[in-house]
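What follows is the content of start09.cif (mmCIF, C-alpha atoms and all ligand atoms).
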data_data
#
loop_
_atom_site.label_atom_id
_atom_site.label_comp_id
_atom_site.auth_asym_id
_atom_site.auth_seq_id
_atom_site.Cartn_x
_atom_site.Cartn_y
_atom_site.Cartn_z
CA MET N 209 94.29 150.84 244.64
CA ARG N 210 93.60 154.53 244.75
CA ARG N 211 96.61 156.66 243.96
CA ILE N 212 96.56 160.06 245.59
CA ASP N 213 98.46 162.85 243.99
CA PHE N 214 100.56 164.58 246.64
CA THR N 215 102.61 166.55 244.15
CA ASN N 216 99.89 169.20 244.15
CA THR N 217 99.85 169.56 247.91
CA GLN N 218 99.39 173.13 248.98
CA VAL N 219 98.37 174.93 252.13
CA ALA N 220 94.60 174.90 251.83
CA SER N 221 92.90 178.06 252.98
CA SER N 222 89.10 177.82 253.07
CA GLU N 223 89.14 179.68 249.75
CA THR N 224 91.39 177.16 248.01
CA ALA N 225 89.30 174.35 249.53
CA ARG N 226 86.22 175.95 247.99
CA ASP N 227 87.97 176.31 244.64
CA ILE N 228 89.14 172.70 244.70
CA ASN N 229 85.66 171.45 245.59
CA ARG N 230 84.13 173.61 242.89
CA GLY N 231 86.60 172.15 240.36
CA VAL N 232 85.81 168.63 241.54
CA VAL N 233 82.05 169.19 241.18
CA LEU N 234 82.39 170.87 237.77
CA ASN N 235 84.54 168.04 236.47
CA LEU N 236 82.21 165.39 237.81
CA ILE N 237 79.29 167.06 236.06
CA ARG N 238 81.38 167.32 232.88
CA ARG N 239 82.36 163.67 232.90
CA ARG N 240 79.14 162.11 234.17
CA GLN N 241 76.41 164.43 232.94
CA PRO N 242 73.49 164.27 233.40
CA ILE N 243 74.10 163.62 237.10
CA SER N 244 71.93 164.18 240.19
CA ARG N 245 73.07 166.12 243.25
CA ALA N 246 72.85 162.92 245.30
CA ASP N 247 75.23 161.15 242.92
CA LEU N 248 77.56 164.16 242.96
CA ALA N 249 77.74 163.90 246.75
CA ARG N 250 78.17 160.14 246.69
CA VAL N 251 80.93 160.08 244.05
CA SER N 252 82.83 163.13 245.30
CA GLY N 253 82.61 162.27 248.99
CA LEU N 254 81.43 165.85 249.65
CA GLN N 255 78.51 166.57 251.98
CA ARG N 256 75.11 167.05 250.34
CA SER N 257 74.92 170.62 251.70
CA THR N 258 78.32 171.47 250.21
CA VAL N 259 77.27 170.07 246.84
CA SER N 260 74.05 172.13 246.99
CA VAL N 261 75.91 175.36 247.70
CA ILE N 262 78.40 174.75 244.89
CA THR N 263 75.81 173.68 242.30
CA GLU N 264 73.56 176.66 243.10
CA GLN N 265 76.52 178.95 242.53
CA LEU N 266 77.39 177.19 239.26
CA ILE N 267 73.80 177.51 238.07
CA GLU N 268 73.80 181.20 238.97
CA GLU N 269 77.03 181.67 237.00
CA GLN N 270 75.43 179.82 234.07
CA TRP N 271 78.07 177.09 233.93
CA VAL N 272 75.54 174.44 234.86
CA ILE N 273 71.85 174.00 234.10
CA ASN N 274 69.12 171.73 235.38
CA GLY N 275 68.85 168.89 232.92
CA PRO N 276 66.20 166.24 232.54
CA THR N 277 64.24 164.90 235.50
CA GLY N 278 65.33 161.41 236.50
CA ARG N 279 63.21 158.35 237.06
CA LEU N 280 63.46 156.35 240.27
CA PRO N 281 61.21 153.43 241.25
CA ARG N 282 59.75 155.46 244.10
CA GLY N 283 60.11 158.74 245.93
CA ARG N 284 61.06 162.17 244.70
CA ARG N 285 62.31 162.50 241.15
CA PRO N 286 65.85 163.89 241.15
CA THR N 287 66.75 166.75 238.83
CA PHE N 288 69.87 166.05 236.86
CA LEU N 289 72.55 168.62 236.22
CA ARG N 290 74.57 169.16 233.09
CA LEU N 291 76.94 171.73 231.67
CA ASN N 292 75.37 174.70 229.95
CA GLU N 293 76.05 174.16 226.24
CA ARG N 294 75.44 177.85 225.60
CA ARG N 295 78.77 178.56 227.29
CA ALA N 296 81.06 178.92 224.31
CA ILE N 297 84.71 179.38 223.56
CA LEU N 298 86.34 180.95 220.52
CA VAL N 299 89.33 178.98 219.33
CA ALA N 300 92.01 179.21 216.66
CA ASP N 301 94.75 176.88 215.53
CA LEU N 302 97.53 178.74 213.77
CA ARG N 303 99.68 176.97 211.23
CA PRO N 304 102.17 178.52 208.79
CA GLU N 305 99.85 178.27 205.78
CA HIS N 306 96.39 178.44 207.28
CA THR N 307 94.55 179.12 210.49
CA THR N 308 91.43 177.28 211.61
CA VAL N 309 88.94 179.38 213.54
CA ALA N 310 86.02 177.80 215.37
CA VAL N 311 83.33 178.12 218.03
CA ALA N 312 83.06 175.32 220.57
CA ASP N 313 80.86 174.60 223.57
CA VAL N 314 82.05 173.55 227.03
CA ASN N 315 81.87 169.89 226.02
CA GLY N 316 84.34 170.40 223.20
CA ARG N 317 81.68 170.20 220.48
CA PHE N 318 82.05 172.57 217.57
CA PHE N 319 79.29 174.84 216.29
CA SER N 320 81.25 176.15 213.34
CA GLN N 321 84.68 175.94 211.85
CA GLU N 322 86.48 177.68 208.99
CA ALA N 323 89.98 177.91 207.57
CA VAL N 324 91.61 181.19 206.59
CA ALA N 325 95.07 181.98 205.22
CA THR N 326 97.67 182.87 207.88
CA PRO N 327 99.11 186.36 207.27
CA ALA N 328 102.90 186.58 207.27
CA HIS N 329 103.20 189.25 209.98
CA PRO N 330 102.04 188.64 213.59
CA ARG N 331 100.27 192.02 213.82
CA THR N 332 98.32 191.37 210.61
CA ALA N 333 97.55 187.85 211.82
CA ALA N 334 96.21 189.20 215.12
CA ASN N 335 94.01 191.71 213.28
CA ALA N 336 92.67 188.99 210.97
CA LEU N 337 91.78 186.85 214.00
CA ILE N 338 90.07 189.78 215.72
CA ALA N 339 87.87 190.27 212.64
CA ARG N 340 86.95 186.55 212.52
CA PHE N 341 86.23 186.38 216.25
CA LYS N 342 84.02 189.48 216.13
CA HIS N 343 82.16 188.04 213.17
CA LEU N 344 81.57 184.74 214.99
CA MET N 345 80.33 186.51 218.12
CA LYS N 346 77.83 188.40 216.00
CA ALA N 347 76.78 185.23 214.19
CA HIS N 348 76.03 183.47 217.51
CA PRO N 349 74.15 186.03 219.64
CA ASP N 350 72.61 183.21 221.73
CA LEU N 351 75.97 182.00 223.08
CA LEU N 352 77.75 183.14 226.23
CA PHE N 353 81.38 183.54 225.15
CA GLU N 354 83.79 182.69 227.90
CA GLY N 355 87.20 183.28 226.39
CA ILE N 356 89.59 182.67 223.52
CA GLY N 357 92.04 179.81 223.12
CA ILE N 358 94.78 179.82 220.48
CA SER N 359 97.32 177.13 219.64
CA LEU N 360 100.36 177.84 217.54
CA PRO N 361 103.49 176.10 216.26
CA GLY N 362 105.80 177.73 218.76
CA ARG N 363 106.48 178.19 222.45
CA PHE N 364 104.59 180.63 224.61
CA ASN N 365 106.28 181.97 227.71
CA HIS N 366 103.54 182.09 230.35
CA ALA N 367 105.65 184.32 232.61
CA THR N 368 106.13 187.11 230.07
CA ARG N 369 102.96 186.25 228.11
CA ARG N 370 104.93 186.53 224.88
CA VAL N 371 105.53 184.08 222.08
CA ALA N 372 109.18 183.19 222.55
CA PHE N 373 109.89 180.87 219.64
CA ALA N 374 107.97 180.13 216.46
CA PRO N 375 110.51 179.29 213.72
CA ASN N 376 108.02 177.85 211.23
CA LEU N 377 105.92 181.01 211.43
CA LYS N 378 109.15 183.05 211.31
CA TRP N 379 107.79 185.16 214.20
CA ARG N 380 110.12 186.06 217.02
CA ASP N 381 109.42 187.26 220.56
CA PHE N 382 106.17 189.15 220.23
CA ASP N 383 103.04 189.85 222.18
CA PHE N 384 100.17 188.21 220.36
CA HIS N 385 97.37 188.27 222.90
CA ALA N 386 97.20 191.93 224.06
CA ALA N 387 95.66 193.33 220.86
CA ILE N 388 93.12 190.49 220.68
CA GLU N 389 92.19 190.91 224.34
CA SER N 390 91.61 194.63 224.08
CA ALA N 391 89.61 194.30 220.84
CA THR N 392 87.35 191.49 222.03
CA GLY N 393 87.22 192.16 225.76
CA MET N 394 88.01 188.51 226.45
CA ARG N 395 90.97 186.81 227.99
CA VAL N 396 93.19 184.99 225.48
CA GLU N 397 95.02 181.77 226.34
CA LEU N 398 97.91 180.88 224.05
CA GLU N 399 99.64 177.52 223.98
CA ASN N 400 101.98 175.45 221.90
CA ALA N 401 100.02 173.14 219.57
CA ALA N 402 101.54 169.96 221.01
CA ASN N 403 100.79 171.08 224.57
CA ALA N 404 97.23 171.86 223.48
CA CYS N 405 96.98 168.30 222.15
CA VAL N 406 98.09 166.97 225.55
CA LEU N 407 95.24 168.94 227.13
CA ALA N 408 92.84 167.51 224.54
CA GLU N 409 93.91 163.99 225.51
CA VAL N 410 93.63 164.66 229.23
CA TRP N 411 90.31 166.53 229.03
CA PHE N 412 88.44 164.77 226.28
CA GLY N 413 90.28 161.47 225.85
CA ASN N 414 90.35 158.33 227.92
CA VAL N 415 93.71 158.64 229.61
CA ASP N 416 92.58 158.52 233.26
CA ARG N 417 95.25 156.12 234.30
CA VAL N 418 98.08 157.55 232.26
CA ARG N 419 100.46 159.83 234.16
CA ASP N 420 103.25 159.96 231.58
CA LEU N 421 102.28 160.74 228.04
CA VAL N 422 103.95 162.50 225.14
CA VAL N 423 102.11 163.99 222.17
CA VAL N 424 104.09 164.39 218.96
CA THR N 425 102.53 166.81 216.48
CA VAL N 426 103.78 166.18 212.98
CA SER N 427 103.05 168.90 210.47
CA GLU N 428 105.29 171.53 208.83
CA GLY N 429 107.59 170.92 211.80
CA ILE N 430 107.57 168.59 214.79
CA GLY N 431 106.41 169.59 218.25
CA THR N 432 106.11 167.56 221.40
CA GLY N 433 103.92 168.11 224.43
CA LEU N 434 105.22 166.44 227.57
CA TYR N 435 102.83 165.22 230.24
CA VAL N 436 105.14 164.08 233.00
CA ASN N 437 103.96 162.54 236.26
CA GLY N 438 100.48 163.97 235.67
CA HIS N 439 101.62 167.49 234.77
CA LEU N 440 102.25 169.37 231.56
CA ALA N 441 105.94 170.22 231.50
CA GLY N 442 106.68 173.89 230.79
CA GLY N 443 110.36 174.32 231.47
CA LEU N 444 112.44 177.47 231.43
CA HIS N 445 110.85 180.12 229.13
CA GLY N 446 108.10 177.58 228.36
CA MET N 447 110.52 175.83 226.02
CA ALA N 448 110.18 172.20 227.22
CA GLY N 449 109.46 169.77 224.41
CA GLU N 450 111.60 171.07 221.54
CA PHE N 451 112.79 167.62 220.55
CA GLY N 452 112.03 168.62 216.96
CA HIS N 453 115.07 170.89 217.08
CA VAL N 454 117.60 168.42 218.41
CA PRO N 455 120.18 168.17 215.61
CA LEU N 456 120.65 164.53 214.60
CA ASP N 457 123.05 165.28 211.77
CA LEU N 458 124.93 168.57 211.71
CA GLU N 459 125.66 168.01 208.01
CA GLY N 460 121.94 167.65 207.35
CA PRO N 461 119.55 170.06 205.62
CA ALA N 462 119.07 173.56 207.06
CA CYS N 463 116.29 173.94 209.61
CA ALA N 464 113.98 176.92 210.20
CA CYS N 465 115.52 177.32 213.69
CA GLY N 466 118.91 178.22 212.19
CA SER N 467 120.59 174.89 212.90
CA ARG N 468 121.07 171.92 210.57
CA GLY N 469 119.82 168.38 210.52
CA CYS N 470 117.24 168.73 213.31
CA TRP N 471 114.82 165.83 213.86
CA GLU N 472 112.05 167.78 212.11
CA VAL N 473 113.95 168.22 208.85
CA PHE N 474 113.96 164.41 208.58
CA ALA N 475 110.53 163.52 209.93
CA SER N 476 108.07 166.36 209.24
CA ASN N 477 105.55 166.70 206.41
CA ARG N 478 108.04 168.97 204.65
CA ALA N 479 110.69 166.25 204.91
CA ALA N 480 108.41 163.74 203.15
CA LEU N 481 107.77 166.22 200.34
CA ARG N 482 111.53 166.73 199.98
CA TYR N 483 112.10 162.95 199.85
CA TYR N 484 109.42 162.63 197.19
CA ASN N 485 110.95 165.32 194.99
CA GLU N 486 114.41 163.78 195.42
CA LEU N 487 113.10 160.38 194.34
CA ARG N 488 111.55 161.81 191.22
CA SER N 489 114.38 164.27 190.49
CA GLU N 490 111.86 166.99 189.72
CA ALA N 491 110.42 169.58 192.06
CA ASP N 492 106.66 169.54 192.35
CA SER N 493 104.90 172.08 194.50
CA LEU N 494 102.40 169.62 195.87
CA SER N 495 100.91 169.64 199.35
CA PHE N 496 101.30 166.92 201.96
CA GLN N 497 97.65 165.97 201.40
CA ASP N 498 98.47 165.49 197.70
CA LEU N 499 101.35 163.24 198.69
CA LEU N 500 99.06 161.13 200.90
CA ARG N 501 96.55 160.85 198.06
CA ARG N 502 99.27 159.77 195.63
CA ALA N 503 100.47 157.10 198.07
CA GLU N 504 96.91 155.86 198.43
CA ALA N 505 96.56 155.74 194.65
CA GLY N 506 99.63 153.48 194.45
CA ASP N 507 102.40 155.97 193.57
CA GLY N 508 105.51 154.03 194.64
CA ALA N 509 107.67 157.13 195.14
CA ALA N 510 105.02 158.67 197.41
CA VAL N 511 104.88 155.50 199.51
CA ARG N 512 108.68 155.39 199.77
CA ALA N 513 108.85 159.06 200.79
CA LEU N 514 106.25 158.60 203.52
CA ASP N 515 107.89 155.38 204.67
CA LYS N 516 111.21 157.22 205.04
CA MET N 517 109.45 159.93 207.06
CA ALA N 518 107.82 157.28 209.29
CA HIS N 519 111.19 155.62 209.98
CA ALA N 520 112.70 158.99 210.89
CA LEU N 521 109.75 159.73 213.17
CA GLY N 522 110.12 156.44 215.03
CA ARG N 523 113.89 156.76 215.35
CA GLY N 524 113.55 160.27 216.77
CA MET N 525 110.98 159.06 219.27
CA ARG N 526 113.72 156.96 220.84
CA MET N 527 115.05 160.23 222.32
CA ILE N 528 111.70 160.74 224.01
CA VAL N 529 111.51 157.15 225.23
CA ALA N 530 115.08 157.19 226.57
CA GLY N 531 114.62 160.55 228.27
CA LEU N 532 111.10 160.39 229.63
CA ALA N 533 109.94 156.76 229.46
CA PRO N 534 106.30 157.66 228.71
CA GLU N 535 103.55 155.08 228.90
CA GLU N 536 102.08 156.36 225.66
CA ILE N 537 103.12 158.41 222.65
CA VAL N 538 100.23 159.96 220.73
CA VAL N 539 100.85 161.11 217.18
CA VAL N 540 98.83 164.05 215.82
CA GLY N 541 98.99 164.99 212.15
CA GLU N 542 97.87 164.24 208.61
CA LEU N 543 100.11 161.16 208.40
CA THR N 544 97.80 159.38 210.86
CA ARG N 545 95.17 159.17 208.08
CA GLN N 546 97.28 156.28 206.80
CA TRP N 547 98.12 154.92 210.24
CA GLN N 548 97.47 151.32 209.21
CA ARG N 549 100.32 151.59 206.76
CA PHE N 550 102.81 153.84 208.56
CA GLY N 551 101.90 153.37 212.23
CA PRO N 552 103.60 149.94 212.39
CA VAL N 553 106.78 151.44 210.85
CA ILE N 554 106.93 154.02 213.65
CA GLN N 555 106.08 151.44 216.32
CA ALA N 556 108.80 149.06 215.08
CA GLU N 557 111.44 151.81 215.19
CA VAL N 558 110.46 152.72 218.75
CA ALA N 559 110.43 149.07 219.83
CA ALA N 560 113.87 148.50 218.32
CA GLY N 561 115.25 151.16 220.65
CA ALA N 562 113.59 149.94 223.86
CA LEU N 563 116.13 149.54 226.64
CA VAL N 564 114.16 147.58 229.24
CA GLY N 565 110.75 145.95 229.07
CA ASP N 566 107.95 146.74 226.65
CA PRO N 567 108.16 149.88 224.53
CA PRO N 568 105.48 152.53 225.08
CA ARG N 569 102.22 152.31 223.19
CA VAL N 570 102.44 154.49 220.08
CA ARG N 571 99.05 155.43 218.67
CA ALA N 572 97.35 157.99 216.48
CA ALA N 573 95.19 160.66 218.11
CA GLU N 574 91.49 160.09 217.67
CA GLY N 575 89.89 162.36 215.11
CA SER N 576 91.43 165.39 213.48
CA MET N 577 90.35 167.96 216.05
CA ALA N 578 93.04 167.49 218.72
CA ARG N 579 94.63 170.92 218.30
CA LEU N 580 91.30 172.75 218.41
CA ARG N 581 89.88 170.68 221.27
CA GLY N 582 93.04 171.40 223.21
CA THR N 583 92.45 175.12 222.90
CA VAL N 584 88.95 174.61 224.33
CA ALA N 585 90.50 172.85 227.34
CA LEU N 586 93.02 175.67 227.62
CA VAL N 587 90.22 178.14 228.38
CA LEU N 588 88.15 175.73 230.47
CA GLN N 589 90.94 174.78 232.82
CA LYS N 590 90.90 178.33 234.16
CA HIS N 591 87.45 177.61 235.57
CA PHE N 592 87.56 173.89 236.22
CA GLY N 593 90.80 174.26 238.14
CA PRO N 594 94.32 173.35 237.07
CA GLY N 595 94.35 170.32 239.35
CA ALA N 596 90.96 169.09 238.30
CA LEU N 597 92.14 168.31 234.83
CA VAL N 598 94.60 165.66 235.97
CA PHE N 599 92.42 163.77 238.37
CA PRO N 600 89.04 162.75 237.12
CA GLU N 601 86.38 161.21 239.36
CA ARG N 602 88.54 158.27 240.41
CA LYS N 603 90.64 160.58 242.55
CA ALA N 604 88.13 163.30 243.19
CA GLY N 605 86.86 161.72 246.43
CA GLY N 606 90.27 161.70 248.04
CA LEU N 607 90.96 165.27 247.14
CA ALA N 608 87.58 166.60 248.09
CA LYS N 609 87.87 165.04 251.52
CA ARG N 610 91.24 166.65 252.02
CA ALA N 611 89.74 169.95 250.96
CA VAL N 612 86.80 169.59 253.34
CA ALA N 613 89.10 168.62 256.17
CA ALA N 614 90.99 171.86 255.64
CA ASN N 615 87.80 173.86 255.79
ZN ZN Z 1 115.73 173.06 214.07
#
Please express what this file holds, its structure, as structure tokens.
Amino acid sequence: MRRIDFTNTQVASSETARDINRGVVLNLIRRRQPISRADLARVSGLQRSTVSVITEQLIEEQWVINGPTGRLPRGRRPTFLRLNERRAILVADLRPEHTTVAVADVNGRFFSQEAVATPAHPRTAANALIARFKHLMKAHPDLLFEGIGISLPGRFNHATRRVAFAPNLKWRDFDFHAAIESATGMRVELENAANACVLAEVWFGNVDRVRDLVVVTVSEGIGTGLYVNGHLAGGLHGMAGEFGHVPLDLEGPACACGSRGCWEVFASNRAALRYYNELRSEADSLSFQDLLRRAEAGDGAAVRALDKMAHALGRGMRMIVAGLAPEEIVVVGELTRQWQRFGPVIQAEVAAGALVGDPPRVRAAEGSMARLRGTVALVLQKHFGPGALVFPERKAGGLAKRAVAAN
């Protein structure tokens, strides 16, 4: 049965109808490329003439190009359409220790990627990014740069366009995008890393049927991105999803947010390193990757530390399950490299807390690029339409018809 999303209902002027149809066509091309105009009309339910007008405009704007010529048993050979891979996006994923900077195309494929140290001060960090972005633009003169997407371990207030909360970066209430925008001449989209991962799942993953999904990013801290009833939850000041800072034990270790015993001080990468050092009663300044390697090599203390972290992760997820009842929880982070070992620990903890019915599916994100791919989607959704990202082709027909009817 086709489910139609009425939560997005708005008064459709002919302009919004055009925008919706354009988003529908762009997304169909993105998901089904190469695709002929006839198939675009058939799948979208739009008239052939409407599809022609939209695709001509998209070709003119260089979002879409004529792809290969198709083969039919008889008659005219259709020309297929596909997205223009020369349309590129500059992206960065900020983490407390390092920042990954990359160039991606509209399909979320990366041309280049590099890691640089993250400066301690936001102004210095912005200047360092400007230098990298300018260098990348020079290095790829053949690409048409569309915008900049940045994910960070903090919350971005879309109303004030300021970073409101980034305890693990120790940055507080600042404007990060203005300097980058004026230096590069491109619009900058900023988003919380976990929210960016939700966008990566919705845009590039296979979650068509999922309307309630939570992404948990596990790194220096813990972030969650909430996809509720087919929408990314923002909340007041853009602060929705700070489960990582719910105190579970007020006598617990100090947290970067100023409180004590938050979920993240028990279940983050830093927590596992602390457990490891406690078990060995000597402080080693090793990285989380080192800890994973030691566990793989059979270091019992490393395995126990990671196991403790996995239990804490799963127990904390019960808050998410009780509060939001998602269909799926997707874990993003280095720990997922040993998902076979620690995934079941997390799943068992979640299942033990299930109130009614089956617990949600808990899985690792595919690949290690979720944060960066999410920043690509962050920029693209400005052009492909905010609605278009939540209803792929299955629902496109219904929407397009509504849009046409309003025309
Ligand atoms: Zn905290």
Grab the CA of Asn315 (chain N) to CA of Arg294 (chain N) distance for me, in Å with one decimal place.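 The value is 10.2 Å.
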Contacts of region 383-385 of chain N within 7 Å, only C-alpha atoms, excl. fewer than 3 positions in-chain, as an MDAnalysis selection string: chainID N and resid 334 369:371 388:389 396
Selected residues, C-alpha atoms, written as a CSV table (one decimal), keeping the file's coordinate frame, please.
chain,number,residue,atom,x,y,z
N,334,ALA,CA,96.2,189.2,215.1
N,369,ARG,CA,103.0,186.2,228.1
N,370,ARG,CA,104.9,186.5,224.9
N,371,VAL,CA,105.5,184.1,222.1
N,388,ILE,CA,93.1,190.5,220.7
N,389,GLU,CA,92.2,190.9,224.3
N,396,VAL,CA,93.2,185.0,225.5
Could you check which of N:Met447, N:Cys405, N:Gln497, N:Ala475 is closest to Gln546 (chain N), using only C-alpha atoms? N:Gln497
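Once all atoms listed in the file are used for the distance check, the residues close to ligand ZN 1 (chain Z) at 7 Å turn out to be Gly452, His453, Val454, Pro455, Cys463, Ala464, Cys465, Gly466, Ser467, Arg468, Cys470 and Glu472 of chain N.
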Ala374 (chain N) environment, 7 Å, only C-alpha atoms, sequence neighbours closer than 6 positions dropped, as JSON, numbers by chain: {"N": [361, 362, 363, 380]}
Name the closest residue to Arg290 (chain N) among the candidates N:Ile237, N:Ala249, N:Ala323, N:Ile338; distances are taken between atoms, counting all atoms listed in the file.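 Once distances to Arg290 (chain N) are computed over all atoms listed in the file, the minimum belongs to N:Ile237.
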Between N:Met577, N:His591, N:Glu490, N:Thr583, which is the closest to Trp271 (chain N) once you count only C-alpha atoms?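 Distance minimum relative to Trp271 (chain N) lands on N:His591.
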